Amino acid sequence: MFRVTCYMFVYYMKYFIANWKANKNYYETSVWLDVFLDKVKNDKSLQKSLQNNLLKIIIVPPSPFLIYLGQRLKEFKNIYPCVQDLSMFESGSYTGELTAQSLQGLVDYAIIGHSERRSTFNETDALLEDKVKMAQKYHIEPIFCVRDEKDTIPNGVNIIAYEPVYSIGSGNNEDPINVKEQKSRLNLSSKMTFVYGGSVTKDNAQNYLADNVVDGFLIGGASLDPIHFYDIVKLA
Ligand code: PGA
């Protein structure tokens, strides 16, 4: 985790991850980027945070738009494209699979183990470990999602997203005190980045940032609106 010491204060790199899930078409993607990137360009203090490595913004669109997203983000420091999932297979006769090999150079991050993949697509700990290995082999940083301490965290994972299932898309964001307790139950190394996801909005995000309970957020619903997402990022 990146730290900058300035006088008496320690500043931590904060992560804001916009997970669009299976939402938005090409036109909607371009409009979102027009609005959000315009806000970023015109915000001097946000620009400064990005330039000084105090902030990372990670955008996770549907996969067909990743190349376009990468092109739009080229001029921005610390704003990155991320894929929502990738294949456990490396290459070959696996029609429809999206491999780390094919994504190398196009994305910097991959969400792996989202609870929607675990529940709807029956993804197991063993399969997720293979996906993490594949991402690492092709220099893609996994953002590994866990529902609680019972989910196995594969070796070498640096970014953990804690997402309690009952909080995802429900409007019932987890109490920051419970998030803090869950973080200690996960027994993470101090070098790991810990983000929270589950009904994060501009109205509740500050509660988690207050005493550095989290290093950032994985945001679903509220990230679909570029202004709402920007309002959350501004809290960094
Ligand atoms: P939500 O989704 O913010 O809509 O609850 C978070 C997620 O599933 O990553």
# chains A, B, ... in the order shown; residues from 1 in each chain; ligands from 1
>>> residues_around(residues="A:Leu186", least_positions_apart="6", cutoff="10 Å", atoms="only C-alpha atoms", output="list of chain:residue names")
A:Val146, A:Asp148, A:Glu149, A:Lys150, A:Asp151, A:Thr152, A:Ile153, A:Ile160, A:Tyr162
>>> select_by_dssp(residues="stretch 42-158 of chain A", states="strand (DSSP E)", output="tab-separated table (two decimals) with N, CA, C and O atoms, in the first residue's frame")
chain	number	residue	atom	x	y	z
A	55	LEU	N	-4.68	8.70	-4.87
A	55	LEU	CA	-5.99	8.25	-5.31
A	55	LEU	C	-5.84	7.37	-6.55
A	55	LEU	O	-5.06	7.71	-7.45
A	56	LYS	N	-6.57	6.23	-6.55
A	56	LYS	CA	-6.67	5.41	-7.76
A	56	LYS	C	-8.14	5.26	-8.09
A	56	LYS	O	-8.93	4.92	-7.18
A	57	ILE	N	-8.49	5.51	-9.33
A	57	ILE	CA	-9.86	5.31	-9.79
A	57	ILE	C	-9.83	4.15	-10.78
A	57	ILE	O	-9.04	4.16	-11.73
A	58	ILE	N	-10.66	3.16	-10.54
A	58	ILE	CA	-10.65	1.95	-11.37
A	58	ILE	C	-12.05	1.76	-11.94
A	58	ILE	O	-13.02	1.71	-11.18
A	59	ILE	N	-12.14	1.71	-13.27
A	59	ILE	CA	-13.45	1.64	-13.91
A	59	ILE	C	-13.62	0.25	-14.53
A	59	ILE	O	-12.75	-0.22	-15.27
A	60	VAL	N	-14.77	-0.37	-14.23
A	60	VAL	CA	-14.98	-1.78	-14.60
A	60	VAL	C	-16.25	-1.89	-15.47
A	60	VAL	O	-17.35	-2.16	-14.96
A	79	ILE	N	-5.98	6.50	-13.33
A	79	ILE	CA	-7.34	6.03	-13.63
A	79	ILE	C	-7.17	4.83	-14.57
A	79	ILE	O	-6.52	4.95	-15.61
A	80	TYR	N	-7.73	3.70	-14.18
A	80	TYR	CA	-7.41	2.44	-14.86
A	80	TYR	C	-8.65	1.67	-15.31
A	80	TYR	O	-9.66	1.67	-14.61
A	81	PRO	N	-8.50	0.92	-16.42
A	81	PRO	CA	-9.55	-0.03	-16.79
A	81	PRO	C	-9.37	-1.37	-16.07
A	81	PRO	O	-8.25	-1.79	-15.80
A	82	CYS	N	-10.48	-2.00	-15.77
A	82	CYS	CA	-10.48	-3.28	-15.03
A	82	CYS	C	-11.55	-4.18	-15.65
A	82	CYS	O	-12.59	-3.70	-16.09
A	83	VAL	N	-11.28	-5.49	-15.67
A	83	VAL	CA	-12.26	-6.45	-16.19
A	83	VAL	C	-13.05	-7.06	-15.03
A	83	VAL	O	-12.53	-7.17	-13.92
A	109	TYR	N	-6.31	-4.35	-13.90
A	109	TYR	CA	-6.92	-5.05	-12.77
A	109	TYR	C	-8.02	-6.00	-13.27
A	109	TYR	O	-8.59	-5.79	-14.34
A	110	ALA	N	-8.31	-7.01	-12.43
A	110	ALA	CA	-9.45	-7.91	-12.69
A	110	ALA	C	-10.17	-8.17	-11.37
A	110	ALA	O	-9.52	-8.53	-10.38
A	111	ILE	N	-11.49	-8.00	-11.37
A	111	ILE	CA	-12.28	-8.45	-10.21
A	111	ILE	C	-12.36	-9.97	-10.32
A	111	ILE	O	-12.69	-10.51	-11.39
A	112	ILE	N	-12.06	-10.65	-9.24
A	112	ILE	CA	-12.16	-12.12	-9.23
A	112	ILE	C	-12.91	-12.52	-7.96
A	112	ILE	O	-12.66	-11.99	-6.88
A	141	GLU	N	-3.57	-7.30	-11.93
A	141	GLU	CA	-3.71	-7.33	-10.46
A	141	GLU	C	-5.13	-7.76	-10.08
A	141	GLU	O	-6.10	-7.07	-10.43
A	142	PRO	N	-5.27	-8.88	-9.35
A	142	PRO	CA	-6.62	-9.28	-8.94
A	142	PRO	C	-7.18	-8.40	-7.82
A	142	PRO	O	-6.46	-8.04	-6.89
A	143	ILE	N	-8.44	-8.06	-7.95
A	143	ILE	CA	-9.20	-7.45	-6.83
A	143	ILE	C	-10.09	-8.59	-6.36
A	143	ILE	O	-11.08	-8.93	-7.02
A	144	PHE	N	-9.69	-9.23	-5.27
A	144	PHE	CA	-10.33	-10.48	-4.87
A	144	PHE	C	-11.46	-10.22	-3.87
A	144	PHE	O	-11.24	-9.61	-2.83
A	145	CYS	N	-12.67	-10.69	-4.22
A	145	CYS	CA	-13.84	-10.42	-3.37
A	145	CYS	C	-14.07	-11.56	-2.39
A	145	CYS	O	-13.99	-12.74	-2.76
A	146	VAL	N	-14.36	-11.18	-1.15
A	146	VAL	CA	-14.75	-12.19	-0.15
A	146	VAL	C	-16.05	-11.76	0.50
A	146	VAL	O	-16.33	-10.57	0.67
>>> select_by_dssp(residues="stretch 9-206 of chain A", states="alpha helix (DSSP H)", output="ChimeraX atom specification")
/A:26-41,44-51,66-73,100-103,115-120,125-137,176-186,205-206
>>> residues_around(residues="stretch 25-34 of chain A", least_positions_apart="4", cutoff="12 Å", atoms="only C-alpha atoms", output="NGL selection string")
:A and (18 or 20-21 or 38-41 or 59-73 or 79 or 81 or 223-230)
>>> residues_around(residues="stretch 85-102 of chain A", least_positions_apart="6", cutoff="8 Å", atoms="only C-alpha atoms", output="PyMOL selection string")
chain A and resi 110-113+127-128+130-131+134-135+138+140
>>> residues_around(residues="A:Asn173", least_positions_apart="3", cutoff="9 Å", atoms="only C-alpha atoms", output="count of residues only")
13
>>> atom_distance(atom1="atom 4 (O, counted along the ligand's line) of ligand 1", atom2="atom CA of A:Ala222")
6.4 Å
>>> closest_residue(among="A:Leu209, A:Ile219, A:Val233, A:Ala126", to="ligand 1", atoms="only C-alpha atoms and all ligand atoms")
A:Ile219
>>> decode(residues="stretch 121-152 of chain A", atoms="N, CA and C atoms", output="compact mmCIF listing (two decimals), in the first residue's frame")
# COMPACT_ATOMS: atom_id res chain seq x y z
N PHE A 121 -22.89 -18.48 -10.85
CA PHE A 121 -22.09 -19.31 -11.77
C PHE A 121 -21.31 -20.40 -11.03
N ASN A 122 -21.68 -20.61 -9.76
CA ASN A 122 -21.10 -21.70 -8.95
C ASN A 122 -19.58 -21.71 -8.92
N GLU A 123 -18.96 -20.55 -8.86
CA GLU A 123 -17.50 -20.51 -8.82
C GLU A 123 -17.00 -20.89 -7.43
N THR A 124 -16.07 -21.82 -7.39
CA THR A 124 -15.57 -22.36 -6.12
C THR A 124 -14.22 -21.73 -5.77
N ASP A 125 -13.80 -21.95 -4.52
CA ASP A 125 -12.49 -21.44 -4.07
C ASP A 125 -11.37 -21.96 -4.99
N ALA A 126 -11.45 -23.24 -5.37
CA ALA A 126 -10.38 -23.85 -6.19
C ALA A 126 -10.32 -23.17 -7.56
N LEU A 127 -11.49 -22.97 -8.16
CA LEU A 127 -11.53 -22.33 -9.48
C LEU A 127 -11.03 -20.88 -9.40
N LEU A 128 -11.40 -20.22 -8.32
CA LEU A 128 -11.00 -18.81 -8.17
C LEU A 128 -9.49 -18.69 -7.97
N GLU A 129 -8.92 -19.70 -7.33
CA GLU A 129 -7.47 -19.70 -7.16
C GLU A 129 -6.80 -19.81 -8.54
N ASP A 130 -7.34 -20.64 -9.41
CA ASP A 130 -6.78 -20.78 -10.77
C ASP A 130 -6.91 -19.45 -11.53
N LYS A 131 -8.03 -18.76 -11.34
CA LYS A 131 -8.22 -17.48 -12.03
C LYS A 131 -7.19 -16.45 -11.54
N VAL A 132 -6.96 -16.45 -10.24
CA VAL A 132 -5.99 -15.50 -9.67
C VAL A 132 -4.60 -15.79 -10.26
N LYS A 133 -4.24 -17.09 -10.32
CA LYS A 133 -2.92 -17.45 -10.86
C LYS A 133 -2.79 -16.98 -12.31
N MET A 134 -3.87 -17.15 -13.07
CA MET A 134 -3.86 -16.75 -14.47
C MET A 134 -3.68 -15.23 -14.59
N ALA A 135 -4.40 -14.49 -13.77
CA ALA A 135 -4.27 -13.02 -13.80
C ALA A 135 -2.82 -12.63 -13.49
N GLN A 136 -2.29 -13.23 -12.43
CA GLN A 136 -0.92 -12.86 -12.01
C GLN A 136 0.09 -13.20 -13.10
N LYS A 137 -0.11 -14.32 -13.76
CA LYS A 137 0.83 -14.73 -14.82
C LYS A 137 0.91 -13.66 -15.91
N TYR A 138 -0.24 -13.00 -16.17
CA TYR A 138 -0.28 -11.99 -17.24
C TYR A 138 -0.28 -10.56 -16.69
N HIS A 139 0.25 -10.40 -15.50
CA HIS A 139 0.48 -9.07 -14.90
C HIS A 139 -0.79 -8.25 -14.77
N ILE A 140 -1.87 -8.93 -14.41
CA ILE A 140 -3.13 -8.26 -14.12
C ILE A 140 -3.37 -8.41 -12.61
N GLU A 141 -3.57 -7.30 -11.93
CA GLU A 141 -3.71 -7.33 -10.46
C GLU A 141 -5.13 -7.76 -10.08
N PRO A 142 -5.27 -8.88 -9.35
CA PRO A 142 -6.62 -9.28 -8.94
C PRO A 142 -7.18 -8.40 -7.82
N ILE A 143 -8.44 -8.06 -7.95
CA ILE A 143 -9.20 -7.45 -6.83
C ILE A 143 -10.09 -8.59 -6.36
N PHE A 144 -9.69 -9.23 -5.27
CA PHE A 144 -10.33 -10.48 -4.87
C PHE A 144 -11.46 -10.22 -3.87
N CYS A 145 -12.67 -10.69 -4.22
CA CYS A 145 -13.84 -10.42 -3.37
C CYS A 145 -14.07 -11.56 -2.39
N VAL A 146 -14.36 -11.18 -1.15
CA VAL A 146 -14.75 -12.19 -0.15
C VAL A 146 -16.05 -11.76 0.50
N ARG A 147 -16.84 -12.79 0.89
CA ARG A 147 -18.12 -12.53 1.56
C ARG A 147 -17.95 -12.49 3.07
N ASP A 148 -16.97 -13.26 3.54
CA ASP A 148 -16.61 -13.29 4.97
C ASP A 148 -15.30 -14.04 5.10
N GLU A 149 -14.92 -14.36 6.34
CA GLU A 149 -13.60 -14.97 6.57
C GLU A 149 -13.55 -16.43 6.12
N LYS A 150 -14.71 -17.02 5.77
CA LYS A 150 -14.70 -18.43 5.34
C LYS A 150 -14.21 -18.58 3.90
N ASP A 151 -14.25 -17.51 3.13
CA ASP A 151 -13.74 -17.59 1.75
C ASP A 151 -12.21 -17.59 1.75
N THR A 152 -11.62 -18.51 1.02
CA THR A 152 -10.16 -18.64 0.99
C THR A 152 -9.55 -17.56 0.10
